[in-house]
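All remarks here apply to the structure that follows.
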Amino acid sequence: GPILKPLQSSPIFTQLPGGVYQVRVYDNCGDATVVTHTVLSSTVSLTIGPVGFPSPQLPSCNSIIVSNALSAGANQSIRYPLSLTYVVHFPNTTTQTIHQTISSGSPTQEIAAIEIPLFYDQEYYYDLTVVDGCGNTYVLNNNIIDVKLTASLAGQIAECGTYYLTASASFYGGNLQIQFTDAPVGFNPIAFNASHPGPFAGPSVDYGNFTNPVPYGHYAILITDDCGHSATAEITLEFVPVFPTHEAEPWPGCQSNKSDVIISIPSHLIVSGIITAAPAAYPFSLPNDVSTFINADGEIELVGLITGNYTIDLVDECGN
């Protein structure tokens, strides 16, 4: 460890600095066993992390939950209980003081979270003071808050290279209502989510699924929460052609004229593969069906192919 101690009859070691120690213990037969033990330092160091927002949903239209990670230094432990004082500085320069006590928790890291007033779409801040069980004081000032309802719209991979949609929201109150302000011709949101237009509990809502993809095209949404706040998002879904790929790994040494080959189609599963052209040294007659070599990932694994040019006809799960 950080220091060494001579052989002693007592099992008690004192005045040890923090660190990882190995202790050899002898019994009365002269046999020895080594154990490893970590000693936490008596020196106290606590770091207050930056402000975080642990939940995308507001507890109310007028409040928000903020959090800070409290972390002990290396080979140290948090001294509980912790007394926290939040001084919230409102946009109008008035303040509110909130107290919190954390009686126990992890010795290395604790997440301090508390509900404070919300000033929607306005910048304000709070100062945080933490006093640990030994009376040590730690301060992190100017925890900036400036939040408003945000929305996103993402395309999720569906079968045959298509997509379904996921609409998401952050910093929303209550439930969500979703309106499509733009969509491809023929798109009916109820056909892809029977609960449209809501209310949805959030924070994310799917339109379609892996086997029920939405049409390609441009989509735009307006999300509104129970607090009367709104946000927009948009996305364009386009058909992206895919092409088969292969990776060849030559055998080493004198058998380097052979390779293990993996053939795949991005975002698709291969269901059939037939080699229709191969080098003259290829030991099988053509066409040669190699579909039995399709693995669980929808790829074809071919072992020991002789060097040369090959043509293979592939069919994916969508019939392409």
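Residue numbering restarts at 1 for every chain of the structure tokens, chains are lettered A, B, ... in their displayed order, and ligands are numbered from 1 as they appear.
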
* Selection: 12 Å around A:Ser267, only C-alpha atoms, excl. self and same-chain fewer than 4 positions, as a list in words ->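 Answer for this query is Gln156, Ile157, Ala158, Glu159, Cys160, Gly161, Thr162, Tyr163, Val240, Pro241, Val242, Phe243, Pro244, Thr245, Asp297, Gly298, Glu299, Asp316, Glu317 and Cys318 of chain A.
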
* **Close residues, stretch 192-202 of chain A itself excluded, 8 Å, only C-alpha atoms, min 2 positions apart in chain, as a PyMOL selection string** => chain A and resi 168-169+174-179+188-190+204-209+212+214

I need the residues from that last selection saved to file as a PDB file, in the first residue's frame (with N, CA and C atoms), if you can.
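Written out: part.pdb:
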```pdb
ATOM      1  N   SER A 168     -41.047  13.282 -29.577  1.00  0.00           N
ATOM      2  CA  SER A 168     -40.627  13.380 -28.181  1.00  0.00           C
ATOM      3  C   SER A 168     -40.693  14.821 -27.702  1.00  0.00           C
ATOM      4  N   ALA A 169     -40.819  14.969 -26.386  1.00  0.00           N
ATOM      5  CA  ALA A 169     -40.877  16.307 -25.787  1.00  0.00           C
ATOM      6  C   ALA A 169     -40.078  16.319 -24.499  1.00  0.00           C
ATOM      7  N   GLY A 174     -47.869  18.066 -17.599  1.00  0.00           N
ATOM      8  CA  GLY A 174     -49.095  17.303 -17.848  1.00  0.00           C
ATOM      9  C   GLY A 174     -48.973  16.392 -19.042  1.00  0.00           C
ATOM     10  N   ASN A 175     -50.018  16.381 -19.877  1.00  0.00           N
ATOM     11  CA  ASN A 175     -50.067  15.522 -21.046  1.00  0.00           C
ATOM     12  C   ASN A 175     -49.750  16.306 -22.321  1.00  0.00           C
ATOM     13  N   LEU A 176     -49.589  15.577 -23.400  1.00  0.00           N
ATOM     14  CA  LEU A 176     -49.204  16.164 -24.681  1.00  0.00           C
ATOM     15  C   LEU A 176     -50.307  15.971 -25.719  1.00  0.00           C
ATOM     16  N   GLN A 177     -50.473  16.983 -26.550  1.00  0.00           N
ATOM     17  CA  GLN A 177     -51.301  16.898 -27.751  1.00  0.00           C
ATOM     18  C   GLN A 177     -50.375  17.086 -28.961  1.00  0.00           C
ATOM     19  N   ILE A 178     -50.577  16.266 -29.979  1.00  0.00           N
ATOM     20  CA  ILE A 178     -49.713  16.321 -31.161  1.00  0.00           C
ATOM     21  C   ILE A 178     -50.547  16.607 -32.400  1.00  0.00           C
ATOM     22  N   GLN A 179     -50.094  17.580 -33.160  1.00  0.00           N
ATOM     23  CA  GLN A 179     -50.748  17.947 -34.426  1.00  0.00           C
ATOM     24  C   GLN A 179     -49.713  17.866 -35.545  1.00  0.00           C
ATOM     25  N   ASN A 188     -52.300   9.301 -42.763  1.00  0.00           N
ATOM     26  CA  ASN A 188     -53.359   9.478 -41.773  1.00  0.00           C
ATOM     27  C   ASN A 188     -52.795   9.078 -40.419  1.00  0.00           C
ATOM     28  N   PRO A 189     -52.543  10.040 -39.530  1.00  0.00           N
ATOM     29  CA  PRO A 189     -51.874   9.697 -38.262  1.00  0.00           C
ATOM     30  C   PRO A 189     -52.627   8.673 -37.434  1.00  0.00           C
ATOM     31  N   ILE A 190     -53.955   8.649 -37.528  1.00  0.00           N
ATOM     32  CA  ILE A 190     -54.718   7.682 -36.743  1.00  0.00           C
ATOM     33  C   ILE A 190     -54.431   6.255 -37.190  1.00  0.00           C
ATOM     34  N   SER A 204     -42.416  10.308 -25.071  1.00  0.00           N
ATOM     35  CA  SER A 204     -42.276   9.992 -26.492  1.00  0.00           C
ATOM     36  C   SER A 204     -43.499   9.237 -26.973  1.00  0.00           C
ATOM     37  N   VAL A 205     -43.833   9.443 -28.242  1.00  0.00           N
ATOM     38  CA  VAL A 205     -45.022   8.834 -28.847  1.00  0.00           C
ATOM     39  C   VAL A 205     -44.618   8.296 -30.210  1.00  0.00           C
ATOM     40  N   ASP A 206     -44.961   7.046 -30.475  1.00  0.00           N
ATOM     41  CA  ASP A 206     -44.636   6.425 -31.759  1.00  0.00           C
ATOM     42  C   ASP A 206     -45.817   6.508 -32.719  1.00  0.00           C
ATOM     43  N   TYR A 207     -45.482   6.726 -33.978  1.00  0.00           N
ATOM     44  CA  TYR A 207     -46.448   6.613 -35.079  1.00  0.00           C
ATOM     45  C   TYR A 207     -45.921   5.538 -36.015  1.00  0.00           C
ATOM     46  N   GLY A 208     -46.640   4.394 -36.031  1.00  0.00           N
ATOM     47  CA  GLY A 208     -46.166   3.240 -36.759  1.00  0.00           C
ATOM     48  C   GLY A 208     -45.277   2.385 -35.884  1.00  0.00           C
ATOM     49  N   ASN A 209     -44.769   1.326 -36.474  1.00  0.00           N
ATOM     50  CA  ASN A 209     -43.834   0.442 -35.780  1.00  0.00           C
ATOM     51  C   ASN A 209     -43.001  -0.289 -36.827  1.00  0.00           C
ATOM     52  N   ASN A 212     -45.157  -1.620 -39.454  1.00  0.00           N
ATOM     53  CA  ASN A 212     -46.158  -0.686 -39.958  1.00  0.00           C
ATOM     54  C   ASN A 212     -45.485   0.660 -40.216  1.00  0.00           C
ATOM     55  N   VAL A 214     -44.320   4.321 -41.875  1.00  0.00           N
ATOM     56  CA  VAL A 214     -45.004   5.485 -42.440  1.00  0.00           C
ATOM     57  C   VAL A 214     -44.447   5.769 -43.831  1.00  0.00           C
TER      58      VAL A 214
END
```

* To do: From the DSSP assignment of the backbone, select every residue of stretch 58-249 of chain A that is helix (DSSP H, G or I), and format the answer as number ranges by chain.
  => A: 159-161, 189-192

Can you write out the residues you just picked, keeping N, CA, C and O atoms, as a PDB file, in the first residue's frame?
```
ATOM      1  N   GLU A 159     -39.000  -2.250 -41.185  1.00  0.00           N
ATOM      2  CA  GLU A 159     -38.638  -3.318 -42.106  1.00  0.00           C
ATOM      3  C   GLU A 159     -38.404  -2.782 -43.514  1.00  0.00           C
ATOM      4  O   GLU A 159     -38.950  -1.753 -43.914  1.00  0.00           O
ATOM      5  N   CYS A 160     -37.557  -3.479 -44.242  1.00  0.00           N
ATOM      6  CA  CYS A 160     -37.322  -3.218 -45.665  1.00  0.00           C
ATOM      7  C   CYS A 160     -36.792  -1.808 -45.934  1.00  0.00           C
ATOM      8  O   CYS A 160     -37.100  -1.193 -46.956  1.00  0.00           O
ATOM      9  N   GLY A 161     -36.015  -1.260 -44.992  1.00  0.00           N
ATOM     10  CA  GLY A 161     -35.422   0.040 -45.217  1.00  0.00           C
ATOM     11  C   GLY A 161     -36.363   1.209 -45.049  1.00  0.00           C
ATOM     12  O   GLY A 161     -36.053   2.321 -45.481  1.00  0.00           O
ATOM     13  N   PRO A 189     -52.543  10.040 -39.530  1.00  0.00           N
ATOM     14  CA  PRO A 189     -51.874   9.697 -38.262  1.00  0.00           C
ATOM     15  C   PRO A 189     -52.627   8.673 -37.434  1.00  0.00           C
ATOM     16  O   PRO A 189     -52.012   7.875 -36.727  1.00  0.00           O
ATOM     17  N   ILE A 190     -53.955   8.649 -37.528  1.00  0.00           N
ATOM     18  CA  ILE A 190     -54.718   7.682 -36.743  1.00  0.00           C
ATOM     19  C   ILE A 190     -54.431   6.255 -37.190  1.00  0.00           C
ATOM     20  O   ILE A 190     -54.498   5.309 -36.399  1.00  0.00           O
ATOM     21  N   ALA A 191     -54.058   6.080 -38.463  1.00  0.00           N
ATOM     22  CA  ALA A 191     -53.735   4.741 -38.951  1.00  0.00           C
ATOM     23  C   ALA A 191     -52.442   4.220 -38.340  1.00  0.00           C
ATOM     24  O   ALA A 191     -52.183   3.008 -38.368  1.00  0.00           O
ATOM     25  N   PHE A 192     -51.635   5.117 -37.790  1.00  0.00           N
ATOM     26  CA  PHE A 192     -50.361   4.718 -37.212  1.00  0.00           C
ATOM     27  C   PHE A 192     -50.325   4.876 -35.699  1.00  0.00           C
ATOM     28  O   PHE A 192     -49.413   4.383 -35.050  1.00  0.00           O
TER      29      PHE A 192
END
```

* Asked: Between A:Gly73, A:Gly52, A:Gly319, A:Pro283, which one has atoms that come closest to A:Pro107, using only C-alpha atoms?
  -> A:Gly73

* **A:Gln255 environment, 12 Å, only C-alpha atoms, sequence neighbours closer than 4 positions dropped, as a list in words** =>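 Surrounding residues, per the criterion: Glu249, Pro250, Trp251, Ser259, Asp260, Gly304, Leu305, Ile306 and Thr307 of chain A.
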
* Would you list the contacts of A:Arg79 as a ChimeraX atom specification, taking every protein, DNA or RNA residue within 8 Å and counting only C-alpha atoms, but skipping same-chain residues closer than 4 positions in sequence? => /A:107,132-134
